[in-house]
file query_35.csv (CSV, C-alpha atoms and all ligand atoms)
chain,number,residue,atom,x,y,z
Z,207,MET,CA,1.0,-21.2,15.2
Z,208,ALA,CA,0.3,-17.9,13.6
Z,209,GLU,CA,-2.2,-16.5,11.2
Z,210,PHE,CA,-1.5,-14.1,8.3
Z,211,ASN,CA,-3.6,-12.5,5.6
Z,212,ILE,CA,-1.9,-12.5,2.3
Z,213,ALA,CA,-3.3,-10.5,-0.7
Z,214,LEU,CA,-2.5,-12.4,-3.9
Z,215,ILE,CA,-2.2,-10.5,-7.2
Z,216,PRO,CA,-1.7,-13.1,-9.9
Z,217,GLY,CA,-1.9,-10.5,-12.7
Z,218,ASP,CA,-1.3,-11.3,-16.3
Z,219,GLY,CA,0.6,-13.7,-18.5
Z,220,ILE,CA,2.4,-16.4,-16.5
Z,221,GLY,CA,1.4,-14.5,-13.3
Z,222,PRO,CA,-1.5,-16.9,-12.3
Z,223,GLU,CA,0.7,-20.0,-12.9
Z,224,ILE,CA,3.6,-18.9,-10.8
Z,225,VAL,CA,1.5,-17.5,-8.0
Z,226,SER,CA,-0.4,-20.7,-7.8
Z,227,GLY,CA,3.0,-22.5,-7.6
Z,228,ALA,CA,4.0,-20.3,-4.7
Z,229,VAL,CA,0.6,-21.0,-2.9
Z,230,THR,CA,1.3,-24.8,-3.3
Z,231,VAL,CA,4.6,-24.3,-1.4
Z,232,LEU,CA,3.1,-21.9,1.2
Z,233,ASP,CA,0.4,-24.5,1.8
Z,234,ALA,CA,3.1,-27.1,2.5
Z,235,VAL,CA,4.7,-24.7,4.9
Z,236,SER,CA,1.5,-24.0,6.8
Z,237,LYS,CA,0.8,-27.8,7.0
Z,238,LYS,CA,4.3,-28.5,8.4
Z,239,TYR,CA,4.5,-25.6,10.8
Z,240,GLY,CA,0.9,-25.2,11.7
Z,241,HIS,CA,0.4,-21.6,10.5
Z,242,LYS,CA,-2.7,-20.3,8.9
Z,243,PHE,CA,-2.4,-18.3,5.7
Z,244,ASN,CA,-5.6,-16.7,4.5
Z,245,TYR,CA,-5.4,-15.7,0.8
Z,246,GLN,CA,-7.4,-13.1,-0.9
Z,247,GLU,CA,-7.1,-12.8,-4.7
Z,248,VAL,CA,-7.3,-9.3,-6.2
Z,249,TYR,CA,-7.1,-7.9,-9.7
Z,250,MET,CA,-4.3,-5.6,-11.0
Z,251,GLY,CA,-2.8,-4.9,-14.4
Z,252,GLY,CA,-4.3,-6.0,-17.7
Z,253,CYS,CA,-6.8,-8.4,-16.2
Z,254,ALA,CA,-8.1,-5.5,-14.1
Z,255,ILE,CA,-8.4,-3.3,-17.2
Z,256,ASP,CA,-10.5,-6.1,-18.8
Z,257,LYS,CA,-12.7,-6.4,-15.7
Z,258,TYR,CA,-12.9,-2.9,-14.2
Z,259,GLY,CA,-11.6,-0.7,-17.0
Z,260,VAL,CA,-8.6,0.5,-14.8
Z,261,PRO,CA,-5.3,-1.3,-14.0
Z,262,LEU,CA,-5.6,-0.6,-10.3
Z,263,PRO,CA,-9.1,-0.7,-8.8
Z,264,GLN,CA,-9.5,1.0,-5.5
Z,265,GLU,CA,-10.7,-2.3,-4.0
Z,266,THR,CA,-7.3,-3.9,-4.8
Z,267,VAL,CA,-5.6,-1.1,-2.9
Z,268,ASP,CA,-7.9,-1.4,0.1
Z,269,ILE,CA,-7.5,-5.1,0.4
Z,270,CYS,CA,-3.7,-4.9,0.0
Z,271,LYS,CA,-3.5,-2.2,2.7
Z,272,LYS,CA,-5.5,-4.3,5.1
Z,273,SER,CA,-3.5,-7.5,4.5
Z,274,ASP,CA,-0.2,-8.5,6.2
Z,275,SER,CA,1.5,-8.8,2.9
Z,276,VAL,CA,1.1,-8.9,-0.8
Z,277,LEU,CA,2.4,-11.6,-3.2
Z,278,LEU,CA,2.4,-10.6,-6.8
Z,279,GLY,CA,3.0,-12.5,-10.0
Z,280,ALA,CA,3.4,-10.2,-13.0
Z,281,VAL,CA,1.5,-7.7,-15.0
Z,282,GLY,CA,1.3,-6.6,-18.6
Z,283,GLY,CA,1.2,-8.0,-22.1
Z,284,PRO,CA,0.8,-7.0,-25.8
Z,285,LYS,CA,-3.0,-7.2,-25.5
Z,286,TRP,CA,-2.9,-3.9,-23.6
Z,287,ASP,CA,-0.2,-2.2,-25.6
Z,288,SER,CA,-2.7,0.1,-27.3
Z,289,GLN,CA,-4.0,1.4,-24.0
Z,290,PRO,CA,-3.4,5.1,-23.4
Z,291,SER,CA,-0.3,5.6,-21.3
Z,292,GLU,CA,-2.2,6.4,-18.1
Z,293,ASN,CA,-4.2,3.2,-18.3
Z,294,ARG,CA,-1.4,0.7,-19.1
Z,295,PRO,CA,-1.1,-2.4,-16.9
Z,296,GLU,CA,2.3,-1.2,-15.6
Z,297,LYS,CA,0.5,1.9,-14.1
Z,298,GLY,CA,-1.2,-0.6,-11.8
Z,299,LEU,CA,2.1,-1.8,-10.5
Z,300,LEU,CA,3.5,1.7,-10.1
Z,301,GLY,CA,0.3,2.7,-8.4
Z,302,ILE,CA,0.3,0.0,-5.8
Z,303,ARG,CA,4.0,0.6,-5.0
Z,304,LYS,CA,3.1,4.3,-4.4
Z,305,ALA,CA,-0.1,3.5,-2.6
Z,306,LEU,CA,1.6,1.2,-0.1
Z,307,GLU,CA,4.6,3.6,0.1
Z,308,LEU,CA,7.0,0.8,-0.9
Z,309,TYR,CA,10.1,2.9,-1.4
Z,310,SER,CA,12.7,0.2,-1.0
Z,311,ASN,CA,13.1,-2.7,-3.3
Z,312,LEU,CA,15.5,-5.4,-2.4
Z,313,ARG,CA,16.7,-7.6,-5.2
Z,314,PRO,CA,19.2,-10.3,-4.2
Z,315,SER,CA,21.2,-12.1,-6.9
Z,316,ILE,CA,23.0,-15.2,-5.8
Z,317,LEU,CA,24.7,-17.6,-8.2
Z,318,LYS,CA,23.7,-21.1,-7.1
Z,319,PRO,CA,26.5,-23.7,-7.8
Z,320,GLN,CA,23.8,-25.9,-9.5
Z,321,LEU,CA,23.1,-23.1,-12.1
Z,322,LYS,CA,26.6,-22.2,-13.1
Z,323,ASP,CA,25.9,-23.6,-16.6
Z,324,ALA,CA,22.8,-21.4,-17.0
Z,325,SER,CA,24.9,-18.2,-16.5
Z,326,PRO,CA,26.0,-16.5,-19.7
Z,327,LEU,CA,29.4,-15.7,-18.1
Z,328,LYS,CA,32.4,-17.9,-18.6
Z,329,ASP,CA,33.4,-20.1,-15.6
Z,330,GLU,CA,36.5,-18.1,-14.9
Z,331,LYS,CA,34.3,-15.0,-14.2
Z,332,LEU,CA,32.2,-17.0,-11.9
Z,333,GLU,CA,34.9,-18.6,-9.8
Z,334,LYS,CA,34.4,-16.3,-6.9
Z,335,GLY,CA,30.6,-16.5,-7.2
Z,336,LEU,CA,28.0,-13.7,-7.2
Z,337,ASN,CA,26.1,-12.6,-4.1
Z,338,VAL,CA,24.8,-9.1,-4.6
Z,339,MET,CA,21.9,-7.3,-3.1
Z,340,VAL,CA,20.6,-4.5,-5.3
Z,341,VAL,CA,18.7,-1.9,-3.2
Z,342,ARG,CA,16.6,-0.1,-5.7
Z,343,GLU,CA,14.7,3.1,-4.8
Z,344,LEU,CA,11.1,2.4,-5.9
Z,345,THR,CA,8.7,5.3,-5.5
Z,346,GLY,CA,10.7,8.2,-6.9
Z,347,GLY,CA,12.9,9.3,-9.7
Z,348,ILE,CA,12.0,9.3,-13.4
Z,349,TYR,CA,9.3,6.7,-12.9
Z,350,PHE,CA,7.2,9.3,-11.0
Z,351,GLY,CA,8.7,12.6,-12.2
Z,352,GLU,CA,6.8,15.1,-14.3
Z,353,ARG,CA,6.0,13.9,-17.8
Z,354,LYS,CA,5.2,16.0,-20.7
Z,355,LYS,CA,4.6,15.6,-24.4
Z,356,ALA,CA,4.0,18.0,-27.2
Z,357,GLU,CA,0.5,18.1,-28.5
Z,358,ASP,CA,1.8,17.6,-32.1
Z,359,GLY,CA,3.9,14.7,-30.9
Z,360,SER,CA,7.2,16.4,-31.8
Z,361,TRP,CA,8.8,15.9,-28.3
Z,362,ALA,CA,8.3,14.2,-25.0
Z,363,SER,CA,10.1,14.4,-21.6
Z,364,ASP,CA,10.3,12.7,-18.3
Z,365,THR,CA,12.0,14.1,-15.2
Z,366,GLU,CA,14.5,12.5,-12.8
Z,367,LYS,CA,14.0,14.2,-9.5
Z,368,TYR,CA,15.1,13.2,-6.0
Z,369,SER,CA,14.8,14.9,-2.7
Z,370,VAL,CA,17.4,14.5,0.1
Z,371,GLU,CA,14.8,12.8,2.2
Z,372,GLU,CA,14.0,10.2,-0.5
Z,373,ILE,CA,17.8,9.5,-1.0
Z,374,LYS,CA,18.4,9.3,2.8
Z,375,ARG,CA,15.7,6.7,3.5
Z,376,ILE,CA,16.8,4.4,0.7
Z,377,GLY,CA,20.4,4.9,1.7
Z,378,LYS,CA,19.6,3.9,5.3
Z,379,ILE,CA,18.1,0.6,4.0
Z,380,ALA,CA,21.2,0.0,2.0
Z,381,PHE,CA,23.6,0.6,4.9
Z,382,GLU,CA,21.5,-1.4,7.3
Z,383,THR,CA,21.4,-4.3,4.8
Z,384,ALA,CA,25.2,-4.1,4.4
Z,385,MET,CA,25.6,-4.3,8.2
Z,386,LEU,CA,24.0,-7.7,8.0
Z,387,ARG,CA,26.2,-8.8,5.1
Z,388,ASP,CA,29.8,-7.9,4.1
Z,389,LYS,CA,29.5,-4.2,5.1
Z,390,ARG,CA,30.2,-2.8,1.6
Z,391,VAL,CA,28.0,-0.5,-0.3
Z,392,VAL,CA,28.5,0.7,-3.9
Z,393,SER,CA,26.3,3.7,-4.6
Z,394,VAL,CA,25.6,3.8,-8.4
Z,395,ASP,CA,24.8,7.1,-10.1
Z,396,LYS,CA,25.6,9.2,-13.1
Z,397,ALA,CA,27.1,12.1,-11.1
Z,398,ASN,CA,29.4,13.1,-14.0
Z,399,VAL,CA,26.3,14.2,-15.9
Z,400,LEU,CA,23.1,14.4,-13.8
Z,401,GLU,CA,22.4,17.0,-11.1
Z,402,SER,CA,20.1,14.5,-9.3
Z,403,SER,CA,23.0,12.1,-9.2
Z,404,ARG,CA,25.3,14.7,-7.7
Z,405,LEU,CA,22.7,15.2,-4.9
Z,406,TRP,CA,22.4,11.4,-4.6
Z,407,ARG,CA,26.2,11.0,-4.1
Z,408,LYS,CA,26.5,13.9,-1.7
Z,409,THR,CA,23.6,12.6,0.4
Z,410,MET,CA,25.1,9.0,0.5
Z,411,ILE,CA,28.4,10.4,1.6
Z,412,GLU,CA,26.8,12.4,4.4
Z,413,LEU,CA,24.7,9.4,5.5
Z,414,SER,CA,27.8,7.1,5.6
Z,415,ALA,CA,29.0,9.0,8.6
Z,416,ASP,CA,26.3,7.2,10.6
Z,417,TYR,CA,27.7,3.8,9.5
Z,418,PRO,CA,31.5,3.9,10.2
Z,419,GLU,CA,31.8,0.2,9.8
Z,420,VAL,CA,30.4,0.2,6.2
Z,421,GLU,CA,32.7,0.9,3.3
Z,422,LEU,CA,31.0,3.2,0.8
Z,423,THR,CA,32.2,3.6,-2.7
Z,424,HIS,CA,30.7,5.1,-5.8
Z,425,MET,CA,30.4,4.0,-9.4
Z,426,TYR,CA,28.9,5.5,-12.5
Z,427,VAL,CA,26.1,3.4,-13.8
Z,428,ASP,CA,27.8,2.6,-17.1
Z,429,ASN,CA,30.9,1.3,-15.3
Z,430,ALA,CA,28.7,-0.6,-12.8
Z,431,ALA,CA,27.1,-2.5,-15.7
Z,432,MET,CA,30.5,-3.3,-17.1
Z,433,GLN,CA,31.9,-4.3,-13.7
Z,434,LEU,CA,28.9,-6.7,-13.1
Z,435,ALA,CA,29.7,-8.4,-16.3
Z,436,ILE,CA,33.5,-8.7,-15.9
Z,437,ASN,CA,33.9,-9.1,-12.1
Z,438,PRO,CA,30.5,-9.8,-10.4
Z,439,ALA,CA,32.1,-11.1,-7.2
Z,440,GLN,CA,33.3,-7.6,-6.2
Z,441,PHE,CA,29.8,-6.5,-5.1
Z,442,ASP,CA,28.0,-6.8,-1.8
Z,443,VAL,CA,25.3,-4.1,-1.7
Z,444,ILE,CA,24.4,-1.8,-4.6
Z,445,VAL,CA,22.2,1.1,-3.8
Z,446,THR,CA,20.7,3.1,-6.7
Z,447,SER,CA,17.8,5.0,-8.2
Z,448,ASN,CA,14.6,3.5,-9.5
Z,449,ILE,CA,15.6,3.3,-13.2
Z,450,PHE,CA,19.3,2.3,-12.7
Z,451,GLY,CA,18.1,-0.4,-10.2
Z,452,ASP,CA,15.6,-1.7,-12.7
Z,453,ILE,CA,18.3,-2.1,-15.3
Z,454,LEU,CA,21.1,-3.4,-13.1
Z,455,SER,CA,18.9,-6.0,-11.4
Z,456,ASP,CA,18.0,-7.6,-14.7
Z,457,LEU,CA,21.6,-7.8,-15.5
Z,458,SER,CA,22.6,-9.3,-12.1
Z,459,SER,CA,19.8,-11.8,-12.4
Z,460,ALA,CA,20.9,-13.0,-15.8
Z,461,ILE,CA,24.4,-13.4,-14.5
Z,462,ALA,CA,23.0,-15.6,-11.7
Z,463,GLY,CA,21.6,-17.9,-14.3
Z,464,SER,CA,18.1,-16.8,-15.1
Z,465,ILE,CA,15.7,-14.0,-14.4
Z,466,GLY,CA,13.3,-16.8,-13.6
Z,467,MET,CA,15.1,-17.5,-10.3
Z,468,LEU,CA,15.2,-14.1,-8.6
Z,469,PRO,CA,12.9,-12.8,-5.9
Z,470,SER,CA,12.3,-9.3,-4.7
Z,471,ALA,CA,10.9,-7.6,-1.6
Z,472,SER,CA,9.4,-4.1,-1.7
Z,473,LEU,CA,9.2,-2.5,1.7
Z,474,GLY,CA,8.1,0.8,3.1
Z,475,ALA,CA,7.1,2.4,6.2
Z,476,THR,CA,4.9,-0.4,7.4
Z,477,LYS,CA,5.4,-4.2,7.9
Z,478,CYS,CA,3.1,-4.9,4.9
Z,479,GLY,CA,5.5,-5.6,2.1
Z,480,MET,CA,5.0,-6.6,-1.5
Z,481,TYR,CA,6.9,-9.6,-2.8
Z,482,GLU,CA,7.3,-10.5,-6.4
Z,483,PRO,CA,9.6,-12.1,-8.9
Z,484,ILE,CA,11.8,-9.6,-10.7
Z,485,HIS,CA,10.8,-11.0,-14.1
Z,486,GLY,CA,7.8,-9.9,-16.2
Z,487,SER,CA,4.6,-11.6,-17.4
Z,488,ALA,CA,6.2,-13.5,-20.3
Z,489,PRO,CA,3.0,-13.5,-22.4
Z,490,ASP,CA,4.7,-15.7,-25.0
Z,491,ILE,CA,4.7,-18.7,-22.7
Z,492,ALA,CA,1.6,-17.9,-20.6
Z,493,GLY,CA,-0.7,-20.9,-20.0
Z,494,MET,CA,1.9,-23.4,-21.3
Z,495,ASP,CA,3.0,-24.7,-17.9
Z,496,ILE,CA,6.7,-24.1,-18.7
Z,497,ALA,CA,7.3,-20.9,-16.7
Z,498,ASN,CA,9.8,-21.1,-13.8
Z,499,PRO,CA,7.9,-20.6,-10.5
Z,500,ILE,CA,11.1,-20.5,-8.4
Z,501,ALA,CA,11.4,-16.7,-8.4
Z,502,THR,CA,7.9,-16.4,-7.0
Z,503,ILE,CA,8.4,-19.2,-4.5
Z,504,VAL,CA,11.5,-17.7,-3.1
Z,505,SER,CA,9.7,-14.3,-3.0
Z,506,ALA,CA,7.2,-16.0,-0.8
Z,507,ALA,CA,10.2,-17.1,1.4
Z,508,MET,CA,11.3,-13.5,1.6
Z,509,MET,CA,7.8,-12.6,2.7
Z,510,LEU,CA,7.8,-15.2,5.5
Z,511,GLU,CA,11.1,-13.9,6.8
Z,512,MET,CA,10.9,-10.1,6.3
Z,513,SER,CA,7.2,-9.4,6.9
Z,514,PHE,CA,6.1,-12.3,9.2
Z,515,GLY,CA,9.4,-13.0,11.0
Z,516,LEU,CA,9.2,-16.7,10.1
Z,517,VAL,CA,12.9,-17.3,9.6
Z,518,GLU,CA,12.9,-21.0,9.9
Z,519,GLU,CA,10.0,-21.4,7.5
Z,520,ALA,CA,11.7,-19.2,4.9
Z,521,LYS,CA,14.9,-21.3,5.2
Z,522,ALA,CA,12.8,-24.4,4.7
Z,523,ILE,CA,11.6,-23.0,1.3
Z,524,ASN,CA,15.1,-22.0,0.2
Z,525,ASP,CA,16.5,-25.4,1.3
Z,526,ALA,CA,13.7,-27.2,-0.6
Z,527,VAL,CA,14.5,-25.3,-3.8
Z,528,ASP,CA,18.2,-26.3,-3.4
Z,529,LYS,CA,17.2,-29.9,-2.9
Z,530,VAL,CA,15.1,-30.0,-6.0
Z,531,LEU,CA,17.9,-28.4,-8.0
Z,532,ASP,CA,20.3,-30.9,-6.5
Z,533,GLN,CA,18.0,-33.7,-7.7
Z,534,ASN,CA,18.6,-32.2,-11.2
Z,535,TYR,CA,15.0,-31.0,-11.9
Z,536,ARG,CA,15.0,-27.9,-14.2
Z,537,THR,CA,12.4,-25.8,-15.9
Z,538,THR,CA,13.1,-24.8,-19.5
Z,539,ASP,CA,14.8,-21.5,-18.8
Z,540,ILE,CA,17.5,-23.2,-16.6
Z,541,MET,CA,17.7,-26.5,-18.5
Z,542,SER,CA,21.1,-27.9,-19.4
Z,543,ASP,CA,22.5,-31.2,-20.6
Z,544,GLY,CA,21.6,-34.3,-18.5
Z,545,MET,CA,19.0,-32.5,-16.4
Z,546,LYS,CA,15.4,-33.5,-15.9
Z,547,LYS,CA,12.9,-31.1,-17.5
Z,548,VAL,CA,9.8,-30.3,-15.5
Z,549,GLY,CA,6.9,-27.8,-16.0
Z,550,CYS,CA,5.8,-25.0,-13.7
Z,551,LYS,CA,3.3,-27.1,-11.7
Z,552,GLU,CA,5.6,-30.0,-11.3
Z,553,MET,CA,8.5,-27.8,-10.1
Z,554,ALA,CA,6.2,-26.2,-7.4
Z,555,LYS,CA,5.0,-29.6,-6.4
Z,556,LEU,CA,8.5,-31.0,-6.0
Z,557,ILE,CA,9.5,-28.0,-3.9
Z,558,ALA,CA,6.4,-28.4,-1.7
Z,559,GLU,CA,7.2,-32.1,-1.2
Z,560,ASN,CA,10.7,-31.1,0.0
Z,561,ILE,CA,9.4,-28.8,2.7
H,601,LIG,C1,10.2,-4.4,-12.6
H,601,LIG,C2,9.5,-4.2,-13.8
H,601,LIG,C3,8.6,-2.9,-13.7
H,601,LIG,C4,9.6,-1.8,-13.4
H,601,LIG,C5,7.7,-2.6,-14.9
H,601,LIG,C6,6.8,-3.8,-15.2
H,601,LIG,C7,6.9,-1.4,-14.7
H,601,LIG,O1,10.4,-4.1,-14.9
H,601,LIG,O2,9.6,-4.6,-11.5
H,601,LIG,O3,11.5,-4.4,-12.6
H,601,LIG,O4,10.1,-1.2,-14.3
H,601,LIG,O5,9.7,-1.5,-12.2
H,602,MN,MN,12.4,-4.5,-14.4
call {"tool": "encode", "arguments": {"input": "query_35.csv", "output": "structure tokens"}}
result
Amino acid sequence: MAEFNIALIPGDGIGPEIVSGAVTVLDAVSKKYGHKFNYQEVYMGGCAIDKYGVPLPQETVDICKKSDSVLLGAVGGPKWDSQPSENRPEKGLLGIRKALELYSNLRPSILKPQLKDASPLKDEKLEKGLNVMVVRELTGGIYFGERKKAEDGSWASDTEKYSVEEIKRIGKIAFETAMLRDKRVVSVDKANVLESSRLWRKTMIELSADYPEVELTHMYVDNAAMQLAINPAQFDVIVTSNIFGDILSDLSSAIAGSIGMLPSASLGATKCGMYEPIHGSAPDIAGMDIANPIATIVSAAMMLEMSFGLVEEAKAINDAVDKVLDQNYRTTDIMSDGMKKVGCKEMAKLIAENI
């Protein structure tokens, strides 16, 4: 029996529904294994702008820092589109990543056999499956580089900047992740054009000397996108910058069937990680009980394993998800002929019952 403090950030749009689904499943885990999960809900994103006037109140940062881990739904929506750029909901997300120093973002994409039909790729492209871990740098690059705009609105610029230290620490995570998998790392950059990418590539090559068992190769980002679409099985670990990782992880998730399935873990210097689905707040379907809670539920499983060391409990969640899919239950986004359509709440309940 162990006790953990979890900060919950439901956020905006479908965020509250999917986080509540994950809590249903976590409660089933705590009941079965005798752990105690203490939840504390905090505001971030658009709902925080509405309540406090800012997307990331200090109180939220403080509570997250004190907790053992953070579970996040999603933030943002058209309601806050007219906010000035420094006060958008997304600023809250970037701010919490920075405040918790979560420089490493792990985004696994695995094609489940049950979801082959939900993938946009033809069967022949999926024969060898897909099991890729995108290791995305999360607190640097163009997301955090200097921004400028002309007062008269005639130009604007953002800066992609990486230090050797920043590249090294994310590279280490990628190599160590690969050591536990198939020992292959593809470093994705745009070294034919960008100076920051040339430094990225050089640093990865130097770092690879410490991991002689891991095969390191390089791909330009445009080619990597194409390769993911035409031969997704070739990848084991992809390591890349903040923006390239953002783009490639959406692509890899779509190939795996639906962006509604994929979890992510954001980790840093401490054990306190932040776990979130890789999809957004889907404001168009918010409150309709049709969102897919699985990405958030399996994010909670990643939290149990990576931050709490509860390996068996994490497996119980992933197995329960598989069982429910095997029983042909599907949310709208992964629905196909002959399957049984269920809502967000019902899907979470079914998974909880299978723990
Ligand atoms: C993600 C999201 C965020 C990002 C947005 C909401 C700021 O797309 O987590 O992938 O770009 O990092
Ligand atoms: Mn994204």
call {"tool": "residues_around", "arguments": {"input": "query_35.csv", "residues": "Phe381 of chain Z", "least_positions_apart": "5", "cutoff": "12 Å", "atoms": "all atoms listed in the file", "output": "count of residues only"}}
result
31
call {"tool": "closest_atom_pairs", "arguments": {"input": "query_35.csv", "of": "chain Z", "to": "ligand MN 602 (chain H)", "cutoff": "12 Å", "atoms": "only C-alpha atoms and all ligand atoms", "output": "JSON lines"}}
result
{"residue": "Z:Ala280", "atom": "CA", "partner": "H:MN602", "partner_atom": "MN", "distance": 10.7}
{"residue": "Z:Val281", "atom": "CA", "partner": "H:MN602", "partner_atom": "MN", "distance": 11.4}
{"residue": "Z:Glu296", "atom": "CA", "partner": "H:MN602", "partner_atom": "MN", "distance": 10.7}
{"residue": "Z:Leu299", "atom": "CA", "partner": "H:MN602", "partner_atom": "MN", "distance": 11.3}
{"residue": "Z:Leu300", "atom": "CA", "partner": "H:MN602", "partner_atom": "MN", "distance": 11.7}
{"residue": "Z:Asn311", "atom": "CA", "partner": "H:MN602", "partner_atom": "MN", "distance": 11.3}
{"residue": "Z:Arg313", "atom": "CA", "partner": "H:MN602", "partner_atom": "MN", "distance": 10.6}
{"residue": "Z:Arg342", "atom": "CA", "partner": "H:MN602", "partner_atom": "MN", "distance": 10.6}
{"residue": "Z:Leu344", "atom": "CA", "partner": "H:MN602", "partner_atom": "MN", "distance": 11.0}
{"residue": "Z:Tyr349", "atom": "CA", "partner": "H:MN602", "partner_atom": "MN", "distance": 11.7}
{"residue": "Z:Asn448", "atom": "CA", "partner": "H:MN602", "partner_atom": "MN", "distance": 9.6}
{"residue": "Z:Ile449", "atom": "CA", "partner": "H:MN602", "partner_atom": "MN", "distance": 8.5}
{"residue": "Z:Phe450", "atom": "CA", "partner": "H:MN602", "partner_atom": "MN", "distance": 9.8}
{"residue": "Z:Gly451", "atom": "CA", "partner": "H:MN602", "partner_atom": "MN", "distance": 8.2}
{"residue": "Z:Asp452", "atom": "CA", "partner": "H:MN602", "partner_atom": "MN", "distance": 4.6}
{"residue": "Z:Ile453", "atom": "CA", "partner": "H:MN602", "partner_atom": "MN", "distance": 6.4}
{"residue": "Z:Leu454", "atom": "CA", "partner": "H:MN602", "partner_atom": "MN", "distance": 8.9}
{"residue": "Z:Ser455", "atom": "CA", "partner": "H:MN602", "partner_atom": "MN", "distance": 7.3}
{"residue": "Z:Asp456", "atom": "CA", "partner": "H:MN602", "partner_atom": "MN", "distance": 6.4}
{"residue": "Z:Leu457", "atom": "CA", "partner": "H:MN602", "partner_atom": "MN", "distance": 9.8}
{"residue": "Z:Ser458", "atom": "CA", "partner": "H:MN602", "partner_atom": "MN", "distance": 11.5}
{"residue": "Z:Ser459", "atom": "CA", "partner": "H:MN602", "partner_atom": "MN", "distance": 10.6}
{"residue": "Z:Ile465", "atom": "CA", "partner": "H:MN602", "partner_atom": "MN", "distance": 10.1}
{"residue": "Z:Leu468", "atom": "CA", "partner": "H:MN602", "partner_atom": "MN", "distance": 11.6}
{"residue": "Z:Pro469", "atom": "CA", "partner": "H:MN602", "partner_atom": "MN", "distance": 11.9}
{"residue": "Z:Ser470", "atom": "CA", "partner": "H:MN602", "partner_atom": "MN", "distance": 10.8}
{"residue": "Z:Glu482", "atom": "CA", "partner": "H:MN602", "partner_atom": "MN", "distance": 11.2}
{"residue": "Z:Pro483", "atom": "CA", "partner": "H:MN602", "partner_atom": "MN", "distance": 9.8}
{"residue": "Z:Ile484", "atom": "CA", "partner": "H:MN602", "partner_atom": "MN", "distance": 6.3}
{"residue": "Z:His485", "atom": "CA", "partner": "H:MN602", "partner_atom": "MN", "distance": 6.7}
{"residue": "Z:Gly486", "atom": "CA", "partner": "H:MN602", "partner_atom": "MN", "distance": 7.3}
{"residue": "Z:Ser487", "atom": "CA", "partner": "H:MN602", "partner_atom": "MN", "distance": 11.0}
call {"tool": "closest_residue", "arguments": {"input": "query_35.csv", "among": "Z:Tyr258, Z:Phe514, Z:Tyr309, Z:Tyr245", "to": "Lys378 of chain Z", "atoms": "only C-alpha atoms"}}
result
Z:Tyr309
call {"tool": "closest_residue", "arguments": {"input": "query_35.csv", "among": "Z:Ile461, Z:Ala362, Z:Leu510, Z:Ala471", "to": "ligand LIG 601 (chain H)", "atoms": "all atoms listed in the file"}}
result
Z:Ala471
call {"tool": "atom_distance", "arguments": {"input": "query_35.csv", "atom1": "atom CA of His241 of chain Z", "atom2": "atom CA of Ala208 of chain Z"}}
result
4.8 Å
call {"tool": "residues_around", "arguments": {"input": "query_35.csv", "residues": "Ala324 of chain Z", "least_positions_apart": "5", "cutoff": "7 Å", "atoms": "only C-alpha atoms", "output": "list in words"}}
result
Gly463, Ser464 and Ile540 of chain Z
call {"tool": "write_last_selection", "arguments": {"input": "query_35.csv", "atoms": "C-alpha atoms", "output": "mmCIF file, in the coordinates of the input"}}
result
data_model
loop_
_atom_site.group_PDB
_atom_site.id
_atom_site.type_symbol
_atom_site.label_atom_id
_atom_site.label_comp_id
_atom_site.auth_asym_id
_atom_site.auth_seq_id
_atom_site.Cartn_x
_atom_site.Cartn_y
_atom_site.Cartn_z
ATOM 1 C CA GLY Z 463 21.600 -17.900 -14.300
ATOM 2 C CA SER Z 464 18.100 -16.800 -15.100
ATOM 3 C CA ILE Z 540 17.500 -23.200 -16.600
#
call {"tool": "residues_around", "arguments": {"input": "query_35.csv", "residues": "Ala558 of chain Z", "least_positions_apart": "3", "cutoff": "6 Å", "atoms": "only C-alpha atoms", "output": "ChimeraX atom specification"}}
result
/Z:231,234,555,561
call {"tool": "residues_around", "arguments": {"input": "query_35.csv", "residues": "Ala305 of chain Z", "least_positions_apart": "3", "cutoff": "12 Å", "atoms": "all atoms listed in the file", "output": "PyMOL selection string"}}
result
chain Z and resi 262-264+266-271+297-302+308-309+344-345+473-476+478-480
call {"tool": "closest_residue", "arguments": {"input": "query_35.csv", "among": "Z:Gln246, Z:Ser275, Z:Ser402, Z:Gln533", "to": "Pro216 of chain Z", "atoms": "only C-alpha atoms"}}
result
Z:Gln246
call {"tool": "closest_residue", "arguments": {"input": "query_35.csv", "among": "Z:Ser360, Z:Asp428, Z:Ser472, Z:Ser403", "to": "ligand LIG 601 (chain H)", "atoms": "only C-alpha atoms and all ligand atoms"}}
result
Z:Ser472
call {"tool": "closest_residue", "arguments": {"input": "query_35.csv", "among": "Z:Ser273, Z:Gln320, Z:Ser447, Z:Asn398", "to": "ligand LIG 601 (chain H)", "atoms": "all atoms listed in the file"}}
result
Z:Ser447
call {"tool": "atom_distance", "arguments": {"input": "query_35.csv", "atom1": "atom CA of Ala520 of chain Z", "atom2": "atom CA of Glu265 of chain Z"}}
result
29.4 Å
call {"tool": "atom_distance", "arguments": {"input": "query_35.csv", "atom1": "atom C4 of ligand LIG 601 (chain H)", "atom2": "atom CA of Lys304 of chain Z"}}
result
12.7 Å
call {"tool": "closest_residue", "arguments": {"input": "query_35.csv", "among": "Z:Asp358, Z:Glu552, Z:Asp539, Z:Glu371", "to": "Leu321 of chain Z", "atoms": "all atoms listed in the file"}}
result
Z:Asp539
